[in-house]
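Worksheet for the structure shown next.
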Amino acid sequence: MLLPHLATLQVPDDFIRKIIRKDLRGRLDEVVTRFPPEPNGYLHIGHSKAICLNFGIAEEFGGRCVLRYDDTDPVGESLEFVQAIKEDVNWLGFEPDAVSHAADYFEAMYDFALELIEHDKAFVCSLDFETMREMRGTLTTPGRPSPDRERSREENLELFAAMRQGEVEEGALVLRAKIDMASPNLNMRDPVLYRIKRTPLHPRRGKDWCIYPTYDFAQGYADALDGVTHSLCTMEFDDHRPLYDWLLANVSLAHRPCQIEFSRLNIEYFLLSKRFLQRLVREGHVDGWDDPRMPTICGLRARGVPADAIRELCERVGVTRQEQRIELKMFNFCVRGALESRLRRAMAVIEPLKVVIVNYEGAGEVLHADWHPQQPELGAREMPFGPELYIERDDFSESPPPKYKRLVPGGLVRLRYAYIIRCDEVIKDDQGEVQELRCSYFPETKSGSDNSGMRSRGVVHWVSADEGESVEVALLEELIAEPDASGQHLESAMNPHSREICNGYAEPAVLAMPDTAFQFERLGYFTRAKPGSREFHRTVSLRDSFKTR
RNA sequence: AGGGGUGUCGCCAAGUGGUAAGGCCCCGGGUUUUGAUCCCGGUAUCGUAGGUUCGAAUCCUGCCACCCCUGCCA
């Protein structure tokens, strides 16, 4: 799983794995983890950290990992998301040992609720939303008990049954835990356990149920029913843990999963809130959840980011309880690392500038080059060369910055895999815009048989003007312009240049190959919009150490 | 009457009383017909103030900063 050039990376060993290793030495025989997405949206790169952690641990310790859909609230959930989540998990390289649904445990959960009521640990409350909020108190003042708190067990049982039977209006009654209205932990102030929802229908259970358990109620029991030993979740649930434990302790359940929290993955320029992503799609800022600029798993896949680049990133950033905001550079490093050794190289010119070789005799010739300088087993291709070519506009300059290694008037530059040329004349239009370069070439400098001893300033890529294939190339950037746009308004945060289209030319061999992605030399890694398409978009640029560019 | 969590190089992150790993970034240099890749080399006294100790990033005390919590979302 490690990338060839990154083989030094050590096996993961974080505080969670240390706990598990210790538990396996005595307390437990097997480790069972779970990844519990709510099927109300697409997975994004933030989820991949939890996926890699949970599935990775199961793999490393010979345990199991369950993909559990946390479908406890029908609002916003759909089967479409269920399907997409499964596909994304698989694409990332993981196969769940089991798939479960919290909704399939509704019957068992209902029984746990009854048990709590029977033990006087839960009650049916008739407070309306507003009043309940008011009576909960604030961060610094204690709450006050509901007037229904001392309702009799019989009445609670009766009312809860009525709720379940659909005899109660939505919002009229809820089931609450009876814990401590004065607890400094707000989660312990008699939290709601069940609420009534008549609409929409549950995507999986239809109209079987009209009462639904809250996250807090469902989580621990679903974990227990799934046989989970270590319930790994993100830091914001840290102060839910006392409730998680309380709910498990007050019911006759032998199995006791334990919750461990770790910090979320944040990446510069990636805004991962579901609300934000939904809005991008809804308002048409992107072409869909799988737009190649989206930070969703399917978006990254469309962009050409390989699964192992994502896994590599998750492994590299580690697992701790510290907030982490990873630099984009780190992400890009992993993407390049995954692509570097496996993509064929090719030449494409994105902003063409015509070059005419005035001393070239004949119509043209065919040159040869390996598909990859370090991987000869990838084979070689032929490329047509002729008297008219295109080079990149910014590979020529009349007023070059210091240390410029490209073409200047009167200067020499090597056309990669071909000849050294000299710029003899610059043709401009009325506006003074460079139109065309007239150059002469040196036949004795032909690549592979050059013993002229001539030295050029640098090397430049090119495409035959006659035989180059026209291609449409999209240069992609992040959707937001600020490294951290959380809390900003969408309008001001959006990057207006997230997709710039260029019309250019690629060497013909590119279109003759079935490869879905190439490295266009000196430009970056590019992926086809669709198989066989002549539309490409840039997955990531090459690292560029040219300072004044 | 608030509670919980976190503070080690620009970004991640090891380290758990014996004198600061590693990666990314950055800066030098080498190889190179991609200013790519690859290869060498360089860069921190641990939020802060005290204390304990022969010895502290690690133990104790105070302070400071940041994050989370007042949904019948997850």
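Every chain in the structure tokens has a letter given in the order shown (A, B, ...), and although residue numbers restart at 1 in each chain, ligands are simply numbered from 1 in the order shown.
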Could you give me, as CSV, every chain A residue with an atom at most 8 Å from chain B, plus its closest atom pair and distance in Å to one decimal, counting only C-alpha atoms (C1' of nucleotides), rows ordered by chain then number?
```
residue,atom,partner,partner_atom,distance
A:Glu38,CA,B:A74,C1',7.2
A:Phe129,CA,B:C72,C1',7.1
A:Arg133,CA,B:U70,C1',7.5
A:Arg136,CA,B:U70,C1',7.2
A:Gly137,CA,B:U70,C1',6.8
A:Thr138,CA,B:U70,C1',5.0
A:Leu139,CA,B:G2,C1',5.4
A:Thr140,CA,B:G2,C1',4.2
A:Thr141,CA,B:A1,C1',6.0
A:Pro142,CA,B:A1,C1',7.2
A:Gly171,CA,B:C72,C1',6.9
A:Val174,CA,B:C72,C1',6.8
A:Pro184,CA,B:G3,C1',5.1
A:Asn185,CA,B:G3,C1',5.4
A:Leu186,CA,B:U70,C1',6.9
A:Asn187,CA,B:C69,C1',8.0
A:Val192,CA,B:C72,C1',6.6
A:Tyr194,CA,B:C72,C1',7.5
A:Arg195,CA,B:C72,C1',5.3
A:Ile196,CA,B:C72,C1',7.7
A:Tyr215,CA,B:A74,C1',6.3
A:Met235,CA,B:C68,C1',7.6
A:Glu236,CA,B:C68,C1',5.5
A:Asp238,CA,B:G4,C1',7.1
A:Asp239,CA,B:G4,C1',5.9
A:Arg316,CA,B:G23,C1',7.2
A:Val317,CA,B:C12,C1',5.5
A:Gly318,CA,B:A13,C1',7.2
A:Arg321,CA,B:U6,C1',7.1
A:Gln322,CA,B:U6,C1',5.6
A:Glu323,CA,B:U6,C1',7.4
A:Gln324,CA,B:C12,C1',7.3
A:Arg325,CA,B:C11,C1',7.5
A:Ile326,CA,B:C11,C1',6.0
A:Glu327,CA,B:C11,C1',5.7
A:Lys329,CA,B:C24,C1',7.1
A:Met330,CA,B:C24,C1',5.3
A:Phe333,CA,B:C24,C1',7.6
A:Glu340,CA,B:U37,C1',7.4
A:Lys405,CA,B:G35,C1',7.7
A:Arg414,CA,B:U33,C1',7.2
A:Arg416,CA,B:U33,C1',5.7
A:Tyr417,CA,B:U33,C1',6.4
A:Ser447,CA,B:U33,C1',7.5
A:Val459,CA,B:U33,C1',6.4
A:Glu521,CA,B:U34,C1',5.3
A:Arg522,CA,B:U34,C1',5.0
A:Leu542,CA,B:A36,C1',6.3
A:Arg543,CA,B:A36,C1',6.7
A:Asp544,CA,B:G35,C1',6.7
A:Ser545,CA,B:G35,C1',6.0
A:Phe546,CA,B:G35,C1',5.2
```
Spatial neighbours of A:Val32, 12 Å, only C-alpha atoms (C1' of nucleotides), chain gap at least 3 places, as a PyMOL selection string
chain A and resi 20+23-24+28-29+35+54-67+96-98+223-232+255-258
Can you check which residues of stretch 315-378 of chain A DSSP gives as helix (DSSP H, G or I) on the backbone and send them as a list in words?
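Across stretch 315-378 of chain A, those assigned helix (DSSP H, G or I) are Glu315, Arg316, Val317, Leu328, Lys329, Met330, Phe331, Asn332, Phe333, Cys334, Val335, Arg336, Gly337, Ala338, Leu339, Glu340, Pro376, Glu377 and Leu378 of chain A.
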Output of the above residues as a PDB file, in the first residue's frame, restricted to N, CA, C and O atoms:
```pdb
ATOM      1  N   GLU A 315      -2.587   8.520   6.315  1.00  0.00           N
ATOM      2  CA  GLU A 315      -1.568   7.863   7.110  1.00  0.00           C
ATOM      3  C   GLU A 315      -0.504   8.857   7.568  1.00  0.00           C
ATOM      4  O   GLU A 315      -0.029   8.807   8.692  1.00  0.00           O
ATOM      5  N   ARG A 316      -0.178   9.783   6.678  1.00  0.00           N
ATOM      6  CA  ARG A 316       0.866  10.746   6.992  1.00  0.00           C
ATOM      7  C   ARG A 316       0.466  11.754   8.051  1.00  0.00           C
ATOM      8  O   ARG A 316       1.297  12.213   8.826  1.00  0.00           O
ATOM      9  N   VAL A 317      -0.787  12.167   8.065  1.00  0.00           N
ATOM     10  CA  VAL A 317      -1.179  13.190   9.032  1.00  0.00           C
ATOM     11  C   VAL A 317      -1.365  12.611  10.424  1.00  0.00           C
ATOM     12  O   VAL A 317      -1.323  13.334  11.405  1.00  0.00           O
ATOM     13  N   LEU A 328      -2.260  22.496   1.891  1.00  0.00           N
ATOM     14  CA  LEU A 328      -2.569  21.935   0.590  1.00  0.00           C
ATOM     15  C   LEU A 328      -1.341  21.256  -0.012  1.00  0.00           C
ATOM     16  O   LEU A 328      -1.440  20.241  -0.705  1.00  0.00           O
ATOM     17  N   LYS A 329      -0.176  21.818   0.294  1.00  0.00           N
ATOM     18  CA  LYS A 329       1.086  21.268  -0.227  1.00  0.00           C
ATOM     19  C   LYS A 329       1.262  19.804   0.140  1.00  0.00           C
ATOM     20  O   LYS A 329       1.821  19.015  -0.623  1.00  0.00           O
ATOM     21  N   MET A 330       0.802  19.453   1.330  1.00  0.00           N
ATOM     22  CA  MET A 330       0.903  18.078   1.797  1.00  0.00           C
ATOM     23  C   MET A 330       0.013  17.168   0.947  1.00  0.00           C
ATOM     24  O   MET A 330       0.414  16.090   0.527  1.00  0.00           O
ATOM     25  N   PHE A 331      -1.197  17.641   0.715  1.00  0.00           N
ATOM     26  CA  PHE A 331      -2.130  16.889  -0.127  1.00  0.00           C
ATOM     27  C   PHE A 331      -1.532  16.716  -1.529  1.00  0.00           C
ATOM     28  O   PHE A 331      -1.501  15.611  -2.075  1.00  0.00           O
ATOM     29  N   ASN A 332      -1.045  17.819  -2.100  1.00  0.00           N
ATOM     30  CA  ASN A 332      -0.491  17.761  -3.450  1.00  0.00           C
ATOM     31  C   ASN A 332       0.709  16.825  -3.527  1.00  0.00           C
ATOM     32  O   ASN A 332       0.887  16.111  -4.521  1.00  0.00           O
ATOM     33  N   PHE A 333       1.506  16.833  -2.488  1.00  0.00           N
ATOM     34  CA  PHE A 333       2.657  15.935  -2.448  1.00  0.00           C
ATOM     35  C   PHE A 333       2.205  14.482  -2.578  1.00  0.00           C
ATOM     36  O   PHE A 333       2.799  13.694  -3.318  1.00  0.00           O
ATOM     37  N   CYS A 334       1.166  14.132  -1.872  1.00  0.00           N
ATOM     38  CA  CYS A 334       0.671  12.750  -1.910  1.00  0.00           C
ATOM     39  C   CYS A 334       0.093  12.409  -3.282  1.00  0.00           C
ATOM     40  O   CYS A 334       0.244  11.292  -3.765  1.00  0.00           O
ATOM     41  N   VAL A 335      -0.583  13.366  -3.891  1.00  0.00           N
ATOM     42  CA  VAL A 335      -1.168  13.122  -5.211  1.00  0.00           C
ATOM     43  C   VAL A 335      -0.055  12.919  -6.238  1.00  0.00           C
ATOM     44  O   VAL A 335      -0.056  11.953  -7.003  1.00  0.00           O
ATOM     45  N   ARG A 336       0.920  13.808  -6.230  1.00  0.00           N
ATOM     46  CA  ARG A 336       2.038  13.671  -7.179  1.00  0.00           C
ATOM     47  C   ARG A 336       2.770  12.361  -6.945  1.00  0.00           C
ATOM     48  O   ARG A 336       3.143  11.661  -7.891  1.00  0.00           O
ATOM     49  N   GLY A 337       2.956  12.038  -5.679  1.00  0.00           N
ATOM     50  CA  GLY A 337       3.686  10.817  -5.352  1.00  0.00           C
ATOM     51  C   GLY A 337       3.005   9.581  -5.912  1.00  0.00           C
ATOM     52  O   GLY A 337       3.661   8.640  -6.351  1.00  0.00           O
ATOM     53  N   ALA A 338       1.678   9.596  -5.911  1.00  0.00           N
ATOM     54  CA  ALA A 338       0.938   8.432  -6.393  1.00  0.00           C
ATOM     55  C   ALA A 338       0.949   8.357  -7.919  1.00  0.00           C
ATOM     56  O   ALA A 338       0.823   7.286  -8.494  1.00  0.00           O
ATOM     57  N   LEU A 339       1.078   9.502  -8.562  1.00  0.00           N
ATOM     58  CA  LEU A 339       0.995   9.557 -10.027  1.00  0.00           C
ATOM     59  C   LEU A 339       2.365   9.449 -10.703  1.00  0.00           C
ATOM     60  O   LEU A 339       2.476   8.940 -11.829  1.00  0.00           O
ATOM     61  N   GLU A 340       3.380   9.943 -10.038  1.00  0.00           N
ATOM     62  CA  GLU A 340       4.716  10.095 -10.612  1.00  0.00           C
ATOM     63  C   GLU A 340       5.221   8.861 -11.369  1.00  0.00           C
ATOM     64  O   GLU A 340       5.610   8.956 -12.526  1.00  0.00           O
ATOM     65  N   PRO A 376      11.218   2.378 -18.420  1.00  0.00           N
ATOM     66  CA  PRO A 376      11.276   1.964 -19.837  1.00  0.00           C
ATOM     67  C   PRO A 376      10.252   0.888 -20.178  1.00  0.00           C
ATOM     68  O   PRO A 376       9.826   0.783 -21.326  1.00  0.00           O
ATOM     69  N   GLU A 377       9.803   0.126 -19.201  1.00  0.00           N
ATOM     70  CA  GLU A 377       8.833  -0.927 -19.484  1.00  0.00           C
ATOM     71  C   GLU A 377       7.478  -0.381 -19.942  1.00  0.00           C
ATOM     72  O   GLU A 377       6.637  -1.100 -20.447  1.00  0.00           O
ATOM     73  N   LEU A 378       7.266   0.918 -19.765  1.00  0.00           N
ATOM     74  CA  LEU A 378       6.019   1.515 -20.263  1.00  0.00           C
ATOM     75  C   LEU A 378       6.067   1.733 -21.779  1.00  0.00           C
ATOM     76  O   LEU A 378       5.093   2.164 -22.382  1.00  0.00           O
TER      77      LEU A 378
END
```
Nearby residues (only C-alpha atoms (C1' of nucleotides)) at most 12 Å from B:C39, same-chain spacing under 5 positions excluded, as a list in words:
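In the requested format, the answer is G29, G30, U31 and U32 of chain B.
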Pick from A:Asp14, A:Asp120, A:Asp290, A:Asp466: nearest to A:His44, with only C-alpha atoms counted?
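For A:His44, the nearest of the given residues is A:Asp290.
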Need to verify the contact set: B:C9, 10 Å, only C-alpha atoms (C1' of nucleotides), exclusion of same-chain residues closer than 2 positions in sequence. Can you return it as a PyMOL selection string?
chain B and resi 11+43-44+46
Suppose you want the space between atom CA of A:Gln488 and atom CA of A:Glu500; what is it in Å?
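If I compute the distance from atom CA of A:Gln488 to atom CA of A:Glu500, I get 23.9 Å.
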